[in-house]
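Please read the structure below before turning to the comments.
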Amino acid sequence: MNAVFEIVLNPLFAFSVLRVSTPILFAALGALISDKAGVINIALEGIMLISALAGVIFSAISGSAFFGLFMALFFGGLVAFGLGYVSLKLKTDVILAGIAINLIASGGTVFVLFLLTGDKGISSSLASKLLPKIDIPILKSIPILGPILSGHNILTYFAFISVFLVWFLLYRTPLGLRIRAVGENEHAVDSVGISVVKTRFIALIISGVMAGFGGAYMTMGYISWFSRDMTAGRGFIALAAESMGGATPLGSMLSSLLFGFFDALSNSLQLLKIPYEFVSMLPYVATVVGLVIYTTQKTKRMHRMRIKAESKKEVL
Amino acid sequence: MTSDAVLSMEDITKVYPNGIVANKGVNFSVRTGEIHGLVGENGAGKTTLMQILFGLNQADVGKIFFNGKEIKIDSPHAAIAQGIGMVHQHFMLVPSLTVSENLVLGLEPRRGFIFDKSRGIHITQELSKKYNLKVEPDMLVRDLPVGLKQKVEILKALYRGAKILILDEPTAVLTPQEMVELFNELRQLRDEGNTIIFISHKLAEVKALCNRVTVMRAGKSQGVFNVEDVTEEDISRIMVGRDVILRVEKDVAQPKESVLKVNRLTVVNSFNKRVVDDISFSLRRGEILGVAGVEGNGQRELVEAITGFGSYGLGSILIDGEDIKQLSIKEIRDLGCSHIPEDRMSYGCAPTLSVRMNLLSYKHNRREFNRRFFLMHMSTIRDVSTELVKEYQILCTSTEQEVRCMSGGNIQKVIVAREFSDNPKLIVANQPTRGIDVGATEFIRKRLVELRDRGAAVLLVSADLNEVMELSDSFLVMYGGKINAFIEDVSNFNEEKLGQYMLGLKSQDVDEIGRALHD
């Protein structure tokens with residue numbers, strides 16, 4: 001147990017929490033935007049995977065990490081556009097279309113990888129680039145805080161800035177107003193002459209671009225190569241994080257960090273010779289336990305208040 | 001067509017893909033500065049006609065003229081651009097946004113990229129003052145009572161430059177006070193040169209408010225009348241093509257033993273408010289007990305408690321002496337309790353299933369409809385439903401027709417047929433005739449009286465005061481979750497006093513209310 005505390009209390013651990021939270025946070029913000037527009041973007045997982053591969057390939061071809069990032073975002077938006085096209089225009093069920101995209105992404109990325117490198121598992125033969133890390137002057141020399149907050153990948157900082165940007169988009173711009181309105185009552189939006197489909201399209205594409213950021217980070221920051229199914233459910237965890245965070249930007253950030261915490265913990269605990277399979281289960285178990293505690297407390301409290309309200313006048 | 005018409009629709013015909021002819025060569029025109037009533041039974045084609053005018057639906061044949069020029073309206077957007085606004089029956093508002101945000105949605109004031117909230121609020125205040133429709137710009141729409149929501153809807157249309165306002169059954173959801181307010185506001189709008197199209201079932205309202213009225217029947221216009229020249233009876237005759245007896249003929253009730261006993265019932269809702277507050281009454285075989293009151297005073301929760309849809313905390317409900325607290329909806333039904341739910345489309349029927357299946361519904365487990373080995377007895381089901389369709393005069397192409405394609409009145413008849421044919425001991429009828437046409441209303445009311453005479457106990461909850469007064473043998477008035485009055489003899493009771501009970505201005509003393517519990 002002491003060993004566990006030693007790990008958790010080390011500034012390096014906090015650093016790694018931020019590091020592993022980044023892709024979840026991007027995807028959770030993507031989930032948030034499309035959810036607000038009333039579309040559940042279950043394809044986040046697949047979009048991240050495709051973007052991750054796109055980042056590797058295009059940064060290797062061009063020799064520029066930022067061009068790789070750009071193409072990752074482009075593919076993120078493109079796949080989301082495709083999802084929008086089949087679900088909004090052709091009226092396919094968005095969940096089914098999303099599942100299809102995830103399956104296509106899982107197999108398709110391996111296929112493309114094989115075509116390019118002859119390897120079905122990993123992209124290490126491609127000379128892909130990494131996005132820069134940033135040392136923050138002054139901050140980096142502060143003890144404890146410095147090692148935690150400084151020296152992250154540029155996308156990690158951008159992820160946390162995005163929390164504010166997404167909030168601003170949703171709550172301070174006309175587009176955000178429309179996105180929120182269309183998610184809550186599409187008929188209301190329709191009746192004032194705003195196109196429901198167009199608004200949802202825009203939201204989905206932004207959502208895809210956010211997932212694109214997450215994917216790009218996976219291969220050009222978190223690690224430096226692509227391997228098959230490397231997103232490992234982060235897109236789905238992001239959906240959970242968004243919903244656990246009460247569908248708000250700040251809440252999504254906090255629950256992404258919670259998932260990040262357990263993710264980092266499972267990474268660290270592997271060093272302690274605890275079986276890998278057990279450790280990698282932890283983030284998910286933590287979620288289930290957390291949700292159960294949260295809801296039982298809530299029900300109990302409501303029950304007590306109800307009894308109180310019923311008996312209020314019985315004394316008289 | 002009259003030359004002074006600002007807007008006219010000529011020879012409009014609309015046939016739906018399922019073959020229903022909703023409009024057949026309809027002519028309709030309105031003048032500047034009038035309130036024009038549009039009345040007709042459910043399924044008469046009023047809604048379709050207005051949907052065509054507002055661009056929600058396209059006519060197969062026909063033209064629309066605006067100020068003498070032919071126009072095309074292929075979307076609500078186009079209608080709005082022509083100055084036509086619509087206040088729908090189901091409000092087109094976003095609950096979690098504020099009044100001003102709802103108002104400017106789609107035409108948001110901007111400061112660069114940013115949505116200019118304070119100008120939105122300013123615009124709302126200006127409009128609110130200009131048209132004398134008082135709203136709070138900062139309130140969330142979900143916190144508003146229906147009357148205010150409606151005002152937001154009207155303002156929304158006006159903000160978009162509407163000169164012609166379509167109001168689809170605007171009074172259906174309002175309290176009497178809100179209605180008076182609405183009528184005054186509408187008159188003011190008219191006097192300022194706006195045109196208002198007022199869709200309604202309630203002839204008294206049309207008579208009180210409108211200048212002219214177009215009557216529709218079976219997809220056709222039956223003519224335009226000056227309201228002064230016709231009586232309510234005239235209009236209803238034209239509407240249904242026969243004389244409707246709006247009075248229900250019935251004998252004096254012969255109440256027998258109690259079927260339903262409600263004793264000190266208290267229901268607390270999810271916001272911990274006592275929505276039903278310590279009420280007691282009993283209901284006997286062979287009588288109709290009405291429950292009157294402004295909506296939202298605990299009637300719904302009372303019905304939910306009795307029918308098993310909602311739980312209750314304190315008190316007891318006995319049906320035939322059996323405590324139903326722990327019983328499921330099915331077990332309560334098995335005790336002989338029938339239920340006509342308030343929300344027809346969510347609880348009353350399964351809209352995408354056939355008439356036949358809806359008639360069968362909760363009876364699917366019964367022996368007469370089943371063979372051995374889990375197979376249903378389709379021929380019996382068909383025969384029984386065909387018979388019911390005939391008996392209850394349900395208009396449908398066949399018993400295989402999907403219920404959602406039918407008019408409101410016919411759907412309600414399907415529900416009523418299912419519930420009434422089960423030989424019920426107790427009938428809980430919640431708003432049994434809301435929003436349905438005169439013909440179906442009359443039919444259902446007659447049936448209720450018939451069932452009473454055959455010894456059923458009827459609990460009639462209705463926001464329609466006339467209905468309660470006409471049908472009930474005695475009735476309760478609910479206010480704030482309590483029984484505020486018990487009127488034992490409906491025949492000699494004046495409406496003015498009733499209004500005061502309904503609004504909680506007056507209440508009977510405990511002994512008088514106590515008479516509602518018969519033994």
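Chain identifiers are assigned as A, B, and so on, following the order in which chains appear in the structure tokens; residues are numbered from 1 within each chain, and ligands are numbered from 1 in order of appearance.
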For chain B, work out the contacting residues on chain A at 9 Å, counting only C-alpha atoms, and write them as an NGL selection string. :A and (168-169 or 171-178 or 180-182 or 184-194 or 302 or 305-311)
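The list of residues with at least one atom within 8 Å of Arg217 in chain B, based on only C-alpha atoms and without residues fewer than 4 positions apart in the same chain, reads B:Gly40, B:Glu41, B:Ala44, B:Gly45, B:Ser221, B:Gln222, B:Ile238, B:Met239, B:Val240.
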DSSP strand (DSSP E or B) residues within range 204-259 of chain B, listed as a CSV table (one decimal) with C-alpha atoms, in the first residue's frame:
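See selection_37.csv below for the written result:
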```
chain,number,residue,atom,x,y,z
B,212,ARG,CA,-65.7,36.3,-39.1
B,213,VAL,CA,-65.5,32.6,-39.0
B,214,THR,CA,-64.8,29.9,-41.6
B,215,VAL,CA,-66.3,26.6,-40.9
B,216,MET,CA,-64.8,23.4,-42.2
B,217,ARG,CA,-66.2,19.9,-42.5
B,220,LYS,CA,-64.2,21.3,-47.3
B,221,SER,CA,-65.0,24.8,-46.4
B,222,GLN,CA,-68.6,25.2,-45.5
B,223,GLY,CA,-68.6,28.9,-45.9
B,224,VAL,CA,-67.6,32.2,-44.2
B,225,PHE,CA,-69.9,33.9,-41.8
B,226,ASN,CA,-70.0,37.1,-39.9
B,258,SER,CA,-69.2,2.6,-2.6
B,259,VAL,CA,-66.6,1.2,-5.1
```
Write out as a list in words which residues come within 12 Å of Asp263 in chain A when counting only C-alpha atoms, dropping same-chain ones fewer than 6 positions away. Phe13, Ala14, Ser16, Val17, Leu18, Arg19, Val20, Ser21, Thr22, Pro23, Ile24, Ala232, Gly233, Arg234, Ile237, Ser256, Leu257, Leu269, Gln270, Val279, Ser280, Met281, Leu282, Pro283, Tyr284, Val285, Ala286 and Thr287 of chain A
Give me the residues within 10 Å of Val510 in chain B as number ranges by chain, counting only C-alpha atoms and dropping any in the same chain fewer than 4 places off. B: 483-485, 514-515
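For Val227 in chain B, the set of protein, DNA and RNA residues having any atom at most 10 Å away, when counting only C-alpha atoms and skipping those fewer than 5 positions along the same chain, is His36, Gly37, Val206, Lys207, Ala208, Leu209, Cys210, Asn211, Arg212, Val213, Thr214, Glu232 and Ile235 of chain B.
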DSSP-assigned alpha helix (DSSP H) among range 8-221 of chain A, expressed as a PyMOL selection string: chain A and resi 8-9+11-36+44-62+65-84+94-117+145-149+154-172+174-184+186-191+196-217
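By chain and then residue number, the residues within 10 Å of Ile202 in chain A are Ile33, Ser34, Ala37, Gly77, Ala80, Phe81, Gly84, Leu175, Ile179, Val197, Lys198, Thr199, Arg200, Leu204, Ile205, Ile206, Ser207 and Gly208 of chain A, counting only C-alpha atoms and disregarding those fewer than 2 positions away in sequence.
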Give me the residues near range 344-357 of chain B as a PyMOL selection string, where near means some atom within 9 Å (using only C-alpha atoms) and where sequence neighbours in that chain fewer than 5 positions away do not count. chain B and resi 339+364+381-382+384-386+389+396+398-405+408+411-412+414-415
Export N, CA and C atoms of the chosen residues as a PDB file, in the first residue's frame?
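Saved as out_23.pdb:
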```
ATOM      1  N   HIS B 339     -59.324   2.963 -17.269  1.00  0.00           N
ATOM      2  CA  HIS B 339     -58.656   4.253 -17.181  1.00  0.00           C
ATOM      3  C   HIS B 339     -58.565   4.876 -18.563  1.00  0.00           C
ATOM      4  N   HIS B 364     -54.408  -8.843 -23.862  1.00  0.00           N
ATOM      5  CA  HIS B 364     -53.761  -9.852 -24.705  1.00  0.00           C
ATOM      6  C   HIS B 364     -53.566 -11.199 -24.023  1.00  0.00           C
ATOM      7  N   ILE B 381     -59.654 -12.109 -32.378  1.00  0.00           N
ATOM      8  CA  ILE B 381     -59.231 -10.732 -32.200  1.00  0.00           C
ATOM      9  C   ILE B 381     -59.803  -9.852 -33.308  1.00  0.00           C
ATOM     10  N   ARG B 382     -59.760 -10.377 -34.520  1.00  0.00           N
ATOM     11  CA  ARG B 382     -60.289  -9.612 -35.652  1.00  0.00           C
ATOM     12  C   ARG B 382     -61.787  -9.377 -35.492  1.00  0.00           C
ATOM     13  N   VAL B 384     -63.690  -9.499 -32.777  1.00  0.00           N
ATOM     14  CA  VAL B 384     -64.024  -8.623 -31.647  1.00  0.00           C
ATOM     15  C   VAL B 384     -63.737  -7.169 -32.001  1.00  0.00           C
ATOM     16  N   SER B 385     -62.585  -6.921 -32.644  1.00  0.00           N
ATOM     17  CA  SER B 385     -62.251  -5.532 -32.934  1.00  0.00           C
ATOM     18  C   SER B 385     -63.167  -4.961 -34.018  1.00  0.00           C
ATOM     19  N   THR B 386     -63.536  -5.776 -34.995  1.00  0.00           N
ATOM     20  CA  THR B 386     -64.462  -5.287 -36.014  1.00  0.00           C
ATOM     21  C   THR B 386     -65.786  -4.883 -35.387  1.00  0.00           C
ATOM     22  N   VAL B 389     -65.316  -1.597 -33.500  1.00  0.00           N
ATOM     23  CA  VAL B 389     -65.214  -0.477 -34.431  1.00  0.00           C
ATOM     24  C   VAL B 389     -66.601  -0.047 -34.875  1.00  0.00           C
ATOM     25  N   CYS B 396     -62.173   4.247 -39.612  1.00  0.00           N
ATOM     26  CA  CYS B 396     -60.841   3.821 -40.018  1.00  0.00           C
ATOM     27  C   CYS B 396     -60.987   3.005 -41.291  1.00  0.00           C
ATOM     28  N   SER B 398     -59.483   0.215 -42.067  1.00  0.00           N
ATOM     29  CA  SER B 398     -59.721  -1.158 -41.642  1.00  0.00           C
ATOM     30  C   SER B 398     -59.187  -1.265 -40.216  1.00  0.00           C
ATOM     31  N   THR B 399     -59.428  -2.394 -39.571  1.00  0.00           N
ATOM     32  CA  THR B 399     -58.920  -2.509 -38.205  1.00  0.00           C
ATOM     33  C   THR B 399     -57.412  -2.688 -38.195  1.00  0.00           C
ATOM     34  N   GLU B 400     -56.819  -2.769 -39.388  1.00  0.00           N
ATOM     35  CA  GLU B 400     -55.364  -2.898 -39.472  1.00  0.00           C
ATOM     36  C   GLU B 400     -54.686  -1.539 -39.592  1.00  0.00           C
ATOM     37  N   GLN B 401     -55.481  -0.483 -39.709  1.00  0.00           N
ATOM     38  CA  GLN B 401     -54.893   0.847 -39.881  1.00  0.00           C
ATOM     39  C   GLN B 401     -54.102   1.258 -38.645  1.00  0.00           C
ATOM     40  N   GLU B 402     -52.997   1.941 -38.890  1.00  0.00           N
ATOM     41  CA  GLU B 402     -52.223   2.444 -37.758  1.00  0.00           C
ATOM     42  C   GLU B 402     -52.998   3.562 -37.073  1.00  0.00           C
ATOM     43  N   VAL B 403     -52.958   3.541 -35.766  1.00  0.00           N
ATOM     44  CA  VAL B 403     -53.745   4.498 -35.002  1.00  0.00           C
ATOM     45  C   VAL B 403     -53.267   5.939 -35.222  1.00  0.00           C
ATOM     46  N   ARG B 404     -51.964   6.111 -35.399  1.00  0.00           N
ATOM     47  CA  ARG B 404     -51.445   7.482 -35.484  1.00  0.00           C
ATOM     48  C   ARG B 404     -51.918   8.229 -36.726  1.00  0.00           C
ATOM     49  N   CYS B 405     -52.416   7.476 -37.735  1.00  0.00           N
ATOM     50  CA  CYS B 405     -52.893   8.138 -38.937  1.00  0.00           C
ATOM     51  C   CYS B 405     -54.324   8.653 -38.781  1.00  0.00           C
ATOM     52  N   GLY B 408     -57.739  12.815 -33.852  1.00  0.00           N
ATOM     53  CA  GLY B 408     -57.746  12.729 -32.390  1.00  0.00           C
ATOM     54  C   GLY B 408     -59.021  12.114 -31.839  1.00  0.00           C
ATOM     55  N   ILE B 411     -59.039   8.370 -32.434  1.00  0.00           N
ATOM     56  CA  ILE B 411     -58.106   7.675 -31.550  1.00  0.00           C
ATOM     57  C   ILE B 411     -58.736   7.542 -30.164  1.00  0.00           C
ATOM     58  N   GLN B 412     -59.343   8.637 -29.712  1.00  0.00           N
ATOM     59  CA  GLN B 412     -59.972   8.594 -28.393  1.00  0.00           C
ATOM     60  C   GLN B 412     -61.095   7.550 -28.380  1.00  0.00           C
ATOM     61  N   VAL B 414     -61.115   4.790 -30.019  1.00  0.00           N
ATOM     62  CA  VAL B 414     -60.467   3.477 -29.896  1.00  0.00           C
ATOM     63  C   VAL B 414     -60.175   3.186 -28.424  1.00  0.00           C
ATOM     64  N   ILE B 415     -59.638   4.191 -27.743  1.00  0.00           N
ATOM     65  CA  ILE B 415     -59.290   4.011 -26.335  1.00  0.00           C
ATOM     66  C   ILE B 415     -60.550   3.743 -25.509  1.00  0.00           C
TER      67      ILE B 415
END
```
Any idea what the distance is between CA of Arg333 in chain B and CA of Ser474 in chain B? 24.5 Å
